[in-house]
Amino acid sequence: MKKIHISQVDALFSNGSYPIEFLFYYRDAFDTDKMRQALRGLASSFWPLYGEYRDGTVFFDGYREEDYFAGEAVDQEIDIPGMKENRFETYSRFRLPELKKLFFLKAIRFKNGLVLIPKMNHLAGDGYSYFFYLTVLAGLSRPGRIPFKSSLMKSLSKPHHRRTILREFSFRGADLGPLPHTDRFVLESQALPRKDVQAVIREAASSGSLRISTNDVLSALAVRRLVSRHSEAWGEKVDLTIPIDVRRHIGEYGPRFFGNGIMLHSLQFKKAHLEHSSPMDIAFEIRRSMPALSKMTYTDYLTGLEKILAEGRLDKFKPFDPESGCLVTNLSRLPVDKLDFGTGRPELILPLTVERNSAGILADRDNFVLRLVY
């Protein structure tokens with residue numbers, strides 16, 4: 001049996017909150033036999049993903065396909081235009097049940113294509129880890145003529161799992177309790193032309209003020225629109241939480257780190273300020289609040305999480321509080337072209353994770369797409 005202690009950030013998701021789940025639709029269906037072989041073949045290198053969680057530890061005791069994969073065939077066509085409407089019924093139909101292990105993959109073959117639904121417990125890793133794994137899985141599933149392709153790919157993409165390399169950590173005996181279940185929600189998607197976002201960035205630069213990023217502008221637009229959709233439901237202050245990937249700033253992590261290599265950065269606004277300020281002004285405030293990332297500042301962040309636990313403030317030990325704030329996650333750089341299992345890239349990517357007062361930022365060729373849940 002293999003086992004590993006979870007990190008301080010992993011512990012935020014130890015109650016199973018915010019699983020990472022997407023639907024990928026491929027018009028040209030592919031044979032899933034190669035993918036199933038790849039699932040088995042990656043169990044040794046990505047073993048925490050295939051594990052179970054118990055009392056501060058992830059452990060893995062062997063691969064059994066039925067624990068990680070299910071396939072079915074449906075004698076009908078999938079309604080892609082209906083799916084794009086983001087109706088509540090779509091999410092209810094395709095979301096997978098709670099996981100027994102930390103990962104599960106379902107394949108559904110329709111008359112007009114194939115749907116893949118990989119679901120990962122967030123304790124196993126963040127969005128980077130999720131797509132890191134899926135791109136390796138897709139690469140091993142594609143037909144190829146290169147001798148020893150499988151061994152070469154596994155070697156070049158082997159992850160590391162040194163989750164507590166920065167600070168030793170033991171998370172035992174703490175029960176965060178489940179988050180309130182989201183039974184009903186409003187889901188809204190809005191296209192934002194890339195040229196309009198770039199225009200805001202150029203205007204900010206020409207003013208001679210602090211330079212802002214695409215993510216600053218999109219986060220500003222997302223928090224303003226979430227607040228405006230039901231202004232009466234918010235208090236006088238609104239917390240905005242933005243996950244920041246720290247891999248390129250932490251040498252001990254690096255691009256092959258599989259886990260939660262993120263800092264959940266928060267800042268607070270007055271609701272009236274959000275309602276009456278321009279996206280550019282809010283973007284400036286977001287940029288000014290961003291921490292200077294380094295090993296030292298990230299270690300301080302981990303120490304802060306430990307302090308919350310030591311003081312018994314379990315009500316504060318969570319990624320964000322949907323009662324008083326919102327979470328904005330930028331997914332606009334998904335490695336879509338690398339999600340080719342042999343018949344091309346997916347024609348539709350649909351996030352299935354929903355949480356009230358959250359926003360996901362997606363993208364296509366011409367637009368960013370704000371996906372708001374409230």
# chains A, B, ... in the order shown; residues from 1 in each chain; ligands from 1

call {"tool": "closest_atom_pairs", "arguments": {"of": "region 221-269 of chain A", "to": "region 319-341 of chain A", "cutoff": "6 Å", "atoms": "only C-alpha atoms", "output": "JSON lines"}}
result
{"residue": "A:Val238", "atom": "CA", "partner": "A:Gly325", "partner_atom": "CA", "distance": 5.0}
{"residue": "A:Asp239", "atom": "CA", "partner": "A:Gly325", "partner_atom": "CA", "distance": 4.2}
{"residue": "A:Leu240", "atom": "CA", "partner": "A:Cys326", "partner_atom": "CA", "distance": 5.2}
{"residue": "A:Thr241", "atom": "CA", "partner": "A:Leu327", "partner_atom": "CA", "distance": 4.8}
{"residue": "A:Ile242", "atom": "CA", "partner": "A:Val328", "partner_atom": "CA", "distance": 5.4}

call {"tool": "write_last_selection", "arguments": {"atoms": "N, CA and C atoms", "output": "CSV table (one decimal), in the first residue's frame"}}
result
chain,number,residue,atom,x,y,z
A,238,VAL,N,-18.3,42.6,0.2
A,238,VAL,CA,-18.2,41.4,-0.7
A,238,VAL,C,-16.8,41.0,-0.8
A,239,ASP,N,-16.5,39.7,-0.5
A,239,ASP,CA,-15.2,39.2,-0.6
A,239,ASP,C,-15.0,38.5,-2.0
A,240,LEU,N,-13.9,38.8,-2.6
A,240,LEU,CA,-13.6,38.2,-3.9
A,240,LEU,C,-12.4,37.2,-3.6
A,241,THR,N,-12.5,36.0,-4.0
A,241,THR,CA,-11.4,35.0,-3.9
A,241,THR,C,-11.0,34.6,-5.3
A,242,ILE,N,-9.7,34.6,-5.5
A,242,ILE,CA,-9.1,34.2,-6.8
A,242,ILE,C,-8.0,33.2,-6.6

call {"tool": "closest_residue", "arguments": {"among": "A:Ser228, A:Asn112, A:Thr353, A:Ser358", "to": "Pro97 (chain A)", "atoms": "only C-alpha atoms"}}
result
A:Thr353

call {"tool": "residues_around", "arguments": {"residues": "Leu156 (chain A)", "least_positions_apart": "5", "cutoff": "10 Å", "atoms": "only C-alpha atoms", "output": "PyMOL selection string"}}
result
chain A and resi 136+151+256

call {"tool": "write_last_selection", "arguments": {"atoms": "C-alpha atoms", "output": "PDB file, in the first residue's frame"}}
result
ATOM      1  CA  VAL A 136      -1.161  12.447 -20.458  1.00  0.00           C
ATOM      2  CA  SER A 151       7.191   4.197 -21.765  1.00  0.00           C
ATOM      3  CA  ARG A 256       5.139  18.347 -12.652  1.00  0.00           C
TER       4      ARG A 256
END

call {"tool": "closest_atom_pairs", "arguments": {"of": "region 180-294 of chain A", "to": "region 30-50 of chain A", "cutoff": "12 Å", "atoms": "only C-alpha atoms", "output": "CSV"}}
result
residue,atom,partner,partner_atom,distance
A:Arg256,CA,A:Phe46,CA,11.0
A:Phe257,CA,A:Phe46,CA,10.7
A:Phe258,CA,A:Phe46,CA,8.1
A:Gly259,CA,A:Pro48,CA,8.9
A:Asn260,CA,A:Leu49,CA,11.9

call {"tool": "write_last_selection", "arguments": {"atoms": "N, CA and C atoms", "output": "PDB file, in the first residue's frame"}}
result
ATOM      1  N   ARG A 256       5.596  19.735 -12.787  1.00  0.00           N
ATOM      2  CA  ARG A 256       5.139  18.347 -12.652  1.00  0.00           C
ATOM      3  C   ARG A 256       4.518  18.061 -11.288  1.00  0.00           C
ATOM      4  N   PHE A 257       4.316  19.088 -10.500  1.00  0.00           N
ATOM      5  CA  PHE A 257       3.709  18.854  -9.184  1.00  0.00           C
ATOM      6  C   PHE A 257       2.237  18.505  -9.355  1.00  0.00           C
ATOM      7  N   PHE A 258       1.847  17.361  -8.830  1.00  0.00           N
ATOM      8  CA  PHE A 258       0.446  16.932  -8.886  1.00  0.00           C
ATOM      9  C   PHE A 258      -0.129  17.074  -7.487  1.00  0.00           C
ATOM     10  N   GLY A 259      -1.043  18.009  -7.353  1.00  0.00           N
ATOM     11  CA  GLY A 259      -1.647  18.298  -6.052  1.00  0.00           C
ATOM     12  C   GLY A 259      -2.293  19.667  -6.128  1.00  0.00           C
ATOM     13  N   ASN A 260      -2.468  20.301  -4.996  1.00  0.00           N
ATOM     14  CA  ASN A 260      -3.049  21.642  -4.962  1.00  0.00           C
ATOM     15  C   ASN A 260      -1.943  22.675  -4.812  1.00  0.00           C
TER      16      ASN A 260
END

call {"tool": "closest_residue", "arguments": {"among": "A:Met83, A:Leu140, A:Ala222, A:Ile78", "to": "Lys111 (chain A)", "atoms": "only C-alpha atoms"}}
result
A:Ile78

call {"tool": "atom_distance", "arguments": {"atom1": "CA of Ser294 (chain A)", "atom2": "CA of Val200 (chain A)"}}
result
28.9 Å

call {"tool": "select_by_dssp", "arguments": {"residues": "region 69-232 of chain A", "states": "strand (DSSP E or B)", "output": "ChimeraX atom specification"}}
result
/A:69-73,103-110,113-120,160,187-193

call {"tool": "residues_around", "arguments": {"residues": "Glu275 (chain A)", "least_positions_apart": "6", "cutoff": "10 Å", "atoms": "only C-alpha atoms", "output": "PyMOL selection string"}}
result
chain A and resi 223-225+227-228+231

call {"tool": "write_last_selection", "arguments": {"atoms": "N, CA, C and O atoms", "output": "PDB file, in the first residue's frame"}}
result
ATOM      1  N   VAL A 223     -16.980  39.694 -10.767  1.00  0.00           N
ATOM      2  CA  VAL A 223     -17.498  40.041  -9.441  1.00  0.00           C
ATOM      3  C   VAL A 223     -18.581  41.121  -9.550  1.00  0.00           C
ATOM      4  O   VAL A 223     -19.594  41.078  -8.839  1.00  0.00           O
ATOM      5  N   ARG A 224     -18.416  42.072 -10.462  1.00  0.00           N
ATOM      6  CA  ARG A 224     -19.445  43.105 -10.647  1.00  0.00           C
ATOM      7  C   ARG A 224     -20.761  42.476 -11.101  1.00  0.00           C
ATOM      8  O   ARG A 224     -21.835  42.845 -10.613  1.00  0.00           O
ATOM      9  N   ARG A 225     -20.675  41.530 -12.027  1.00  0.00           N
ATOM     10  CA  ARG A 225     -21.907  40.953 -12.571  1.00  0.00           C
ATOM     11  C   ARG A 225     -22.576  40.008 -11.584  1.00  0.00           C
ATOM     12  O   ARG A 225     -23.806  39.941 -11.521  1.00  0.00           O
ATOM     13  N   VAL A 227     -22.550  40.387  -8.350  1.00  0.00           N
ATOM     14  CA  VAL A 227     -23.210  41.253  -7.372  1.00  0.00           C
ATOM     15  C   VAL A 227     -24.448  41.914  -7.971  1.00  0.00           C
ATOM     16  O   VAL A 227     -25.496  42.023  -7.326  1.00  0.00           O
ATOM     17  N   SER A 228     -24.372  42.328  -9.235  1.00  0.00           N
ATOM     18  CA  SER A 228     -25.500  43.024  -9.846  1.00  0.00           C
ATOM     19  C   SER A 228     -26.695  42.110 -10.086  1.00  0.00           C
ATOM     20  O   SER A 228     -27.832  42.578 -10.140  1.00  0.00           O
ATOM     21  N   SER A 231     -28.423  42.004  -6.180  1.00  0.00           N
ATOM     22  CA  SER A 231     -27.784  42.963  -5.276  1.00  0.00           C
ATOM     23  C   SER A 231     -28.348  42.893  -3.865  1.00  0.00           C
ATOM     24  O   SER A 231     -27.621  43.026  -2.879  1.00  0.00           O
TER      25      SER A 231
END

call {"tool": "atom_distance", "arguments": {"atom1": "CA of Leu372 (chain A)", "atom2": "CA of Phe317 (chain A)"}}
result
23.9 Å

call {"tool": "closest_residue", "arguments": {"among": "A:Glu21, A:Glu306, A:Asp79, A:Asp216", "to": "Leu96 (chain A)", "atoms": "only C-alpha atoms"}}
result
A:Glu21

call {"tool": "atom_distance", "arguments": {"atom1": "CA of Pro118 (chain A)", "atom2": "CA of Gly342 (chain A)"}}
result
17.2 Å

call {"tool": "closest_residue", "arguments": {"among": "A:Leu267, A:Ala174, A:Ala292, A:Leu352", "to": "Ala310 (chain A)", "atoms": "only C-alpha atoms"}}
result
A:Ala174

call {"tool": "closest_residue", "arguments": {"among": "A:Gly139, A:Arg167, A:Trp234, A:Asp281", "to": "Ser209 (chain A)", "atoms": "only C-alpha atoms"}}
result
A:Asp281

call {"tool": "closest_residue", "arguments": {"among": "A:Ala359, A:Ile201, A:Leu274, A:Leu264", "to": "Glu236 (chain A)", "atoms": "only C-alpha atoms"}}
result
A:Leu274

call {"tool": "residues_around", "arguments": {"residues": "Arg194 (chain A)", "least_positions_apart": "4", "cutoff": "8 Å", "atoms": "only C-alpha atoms", "output": "NGL selection string"}}
result
:A and (198 or 366-368)

call {"tool": "residues_around", "arguments": {"residues": "Leu102 (chain A)", "least_positions_apart": "6", "cutoff": "8 Å", "atoms": "only C-alpha atoms", "output": "VMD selection string"}}
result
chain A and resid 48 to 53 120 to 121 123 to 124

call {"tool": "select_by_dssp", "arguments": {"residues": "region 218-336 of chain A", "states": "alpha helix (DSSP H)", "output": "MDAnalysis selection string"}}
result
chainID A and resid 218:229 271:276 279:289 295:310

call {"tool": "decode", "arguments": {"residues": "region 33-69 of chain A", "atoms": "N, CA and C atoms", "output": "mmCIF file, in the first residue's frame"}}
result
data_model
loop_
_atom_site.group_PDB
_atom_site.id
_atom_site.type_symbol
_atom_site.label_atom_id
_atom_site.label_comp_id
_atom_site.auth_asym_id
_atom_site.auth_seq_id
_atom_site.Cartn_x
_atom_site.Cartn_y
_atom_site.Cartn_z
ATOM 1 N N ASP A 33 -11.061 1.359 -25.581
ATOM 2 C CA ASP A 33 -10.184 0.297 -25.063
ATOM 3 C C ASP A 33 -8.783 0.830 -24.766
ATOM 4 N N LYS A 34 -8.245 1.645 -25.687
ATOM 5 C CA LYS A 34 -6.914 2.206 -25.457
ATOM 6 C C LYS A 34 -6.913 3.115 -24.232
ATOM 7 N N MET A 35 -7.977 3.867 -24.075
ATOM 8 C CA MET A 35 -8.071 4.758 -22.923
ATOM 9 C C MET A 35 -8.125 3.956 -21.624
ATOM 10 N N ARG A 36 -8.838 2.866 -21.625
ATOM 11 C CA ARG A 36 -8.916 2.032 -20.426
ATOM 12 C C ARG A 36 -7.556 1.422 -20.101
ATOM 13 N N GLN A 37 -6.811 1.055 -21.136
ATOM 14 C CA GLN A 37 -5.445 0.564 -20.896
ATOM 15 C C GLN A 37 -4.576 1.662 -20.295
ATOM 16 N N ALA A 38 -4.749 2.895 -20.805
ATOM 17 C CA ALA A 38 -3.968 4.015 -20.294
ATOM 18 C C ALA A 38 -4.356 4.328 -18.848
ATOM 19 N N LEU A 39 -5.631 4.229 -18.531
ATOM 20 C CA LEU A 39 -6.073 4.435 -17.145
ATOM 21 C C LEU A 39 -5.325 3.503 -16.197
ATOM 22 N N ARG A 40 -5.261 2.247 -16.580
ATOM 23 C CA ARG A 40 -4.561 1.266 -15.758
ATOM 24 C C ARG A 40 -3.059 1.565 -15.712
ATOM 25 N N GLY A 41 -2.491 1.918 -16.879
ATOM 26 C CA GLY A 41 -1.055 2.134 -16.957
ATOM 27 C C GLY A 41 -0.571 3.325 -16.149
ATOM 28 N N LEU A 42 -1.439 4.312 -15.922
ATOM 29 C CA LEU A 42 -1.027 5.506 -15.187
ATOM 30 C C LEU A 42 -1.238 5.387 -13.680
ATOM 31 N N ALA A 43 -1.794 4.281 -13.245
ATOM 32 C CA ALA A 43 -2.081 4.127 -11.812
ATOM 33 C C ALA A 43 -0.823 4.135 -10.959
ATOM 34 N N SER A 44 0.294 3.676 -11.508
ATOM 35 C CA SER A 44 1.515 3.624 -10.711
ATOM 36 C C SER A 44 2.147 4.998 -10.541
ATOM 37 N N SER A 45 2.087 5.867 -11.578
ATOM 38 C CA SER A 45 2.722 7.188 -11.472
ATOM 39 C C SER A 45 1.792 8.252 -10.895
ATOM 40 N N PHE A 46 0.494 8.151 -11.168
ATOM 41 C CA PHE A 46 -0.470 9.110 -10.629
ATOM 42 C C PHE A 46 -1.252 8.490 -9.462
ATOM 43 N N TRP A 47 -0.599 7.662 -8.669
ATOM 44 C CA TRP A 47 -1.318 6.833 -7.704
ATOM 45 C C TRP A 47 -2.169 7.607 -6.694
ATOM 46 N N PRO A 48 -1.791 8.830 -6.231
ATOM 47 C CA PRO A 48 -2.702 9.512 -5.298
ATOM 48 C C PRO A 48 -4.072 9.813 -5.917
ATOM 49 N N LEU A 49 -4.094 10.054 -7.227
ATOM 50 C CA LEU A 49 -5.361 10.303 -7.914
ATOM 51 C C LEU A 49 -6.272 9.083 -7.835
ATOM 52 N N TYR A 50 -5.686 7.905 -7.805
ATOM 53 C CA TYR A 50 -6.442 6.657 -7.777
ATOM 54 C C TYR A 50 -6.707 6.184 -6.347
ATOM 55 N N GLY A 51 -6.369 7.014 -5.386
ATOM 56 C CA GLY A 51 -6.439 6.586 -4.003
ATOM 57 C C GLY A 51 -7.753 6.911 -3.320
ATOM 58 N N GLU A 52 -7.740 6.708 -2.015
ATOM 59 C CA GLU A 52 -8.828 7.082 -1.121
ATOM 60 C C GLU A 52 -8.269 7.993 -0.051
ATOM 61 N N TYR A 53 -9.172 8.758 0.548
ATOM 62 C CA TYR A 53 -8.751 9.665 1.616
ATOM 63 C C TYR A 53 -9.319 9.211 2.949
ATOM 64 N N ARG A 54 -8.464 9.257 3.969
ATOM 65 C CA ARG A 54 -8.942 8.946 5.312
ATOM 66 C C ARG A 54 -8.055 9.631 6.348
ATOM 67 N N ASP A 55 -8.646 10.513 7.137
ATOM 68 C CA ASP A 55 -8.002 11.098 8.315
ATOM 69 C C ASP A 55 -6.602 11.657 8.021
ATOM 70 N N GLY A 56 -6.513 12.544 7.043
ATOM 71 C CA GLY A 56 -5.266 13.229 6.768
ATOM 72 C C GLY A 56 -4.321 12.528 5.812
ATOM 73 N N THR A 57 -4.727 11.366 5.304
ATOM 74 C CA THR A 57 -3.834 10.568 4.464
ATOM 75 C C THR A 57 -4.554 10.078 3.211
ATOM 76 N N VAL A 58 -3.848 10.125 2.092
ATOM 77 C CA VAL A 58 -4.308 9.478 0.858
ATOM 78 C C VAL A 58 -3.559 8.165 0.741
ATOM 79 N N PHE A 59 -4.298 7.083 0.506
ATOM 80 C CA PHE A 59 -3.649 5.784 0.354
ATOM 81 C C PHE A 59 -4.180 5.068 -0.878
ATOM 82 N N PHE A 60 -3.328 4.230 -1.456
ATOM 83 C CA PHE A 60 -3.653 3.505 -2.682
ATOM 84 C C PHE A 60 -3.275 2.041 -2.482
ATOM 85 N N ASP A 61 -4.251 1.151 -2.733
ATOM 86 C CA ASP A 61 -4.005 -0.277 -2.482
ATOM 87 C C ASP A 61 -4.252 -1.147 -3.704
ATOM 88 N N GLY A 62 -4.171 -0.550 -4.908
ATOM 89 C CA GLY A 62 -4.303 -1.366 -6.107
ATOM 90 C C GLY A 62 -5.378 -0.867 -7.052
ATOM 91 N N TYR A 63 -5.243 -1.253 -8.321
ATOM 92 C CA TYR A 63 -6.144 -0.777 -9.369
ATOM 93 C C TYR A 63 -7.181 -1.831 -9.716
ATOM 94 N N ARG A 64 -8.446 -1.437 -9.674
ATOM 95 C CA ARG A 64 -9.562 -2.259 -10.144
ATOM 96 C C ARG A 64 -10.415 -1.351 -11.040
ATOM 97 N N GLU A 65 -10.533 -1.717 -12.313
ATOM 98 C CA GLU A 65 -11.137 -0.811 -13.284
ATOM 99 C C GLU A 65 -12.522 -0.335 -12.872
ATOM 100 N N GLU A 66 -13.313 -1.193 -12.258
ATOM 101 C CA GLU A 66 -14.673 -0.796 -11.907
ATOM 102 C C GLU A 66 -14.716 0.342 -10.889
ATOM 103 N N ASP A 67 -13.602 0.582 -10.199
ATOM 104 C CA ASP A 67 -13.544 1.684 -9.248
ATOM 105 C C ASP A 67 -13.321 3.027 -9.925
ATOM 106 N N TYR A 68 -12.871 3.009 -11.185
ATOM 107 C CA TYR A 68 -12.447 4.241 -11.836
ATOM 108 C C TYR A 68 -13.085 4.499 -13.198
ATOM 109 N N PHE A 69 -13.765 3.529 -13.758
ATOM 110 C CA PHE A 69 -14.282 3.705 -15.115
ATOM 111 C C PHE A 69 -15.625 3.009 -15.282
#
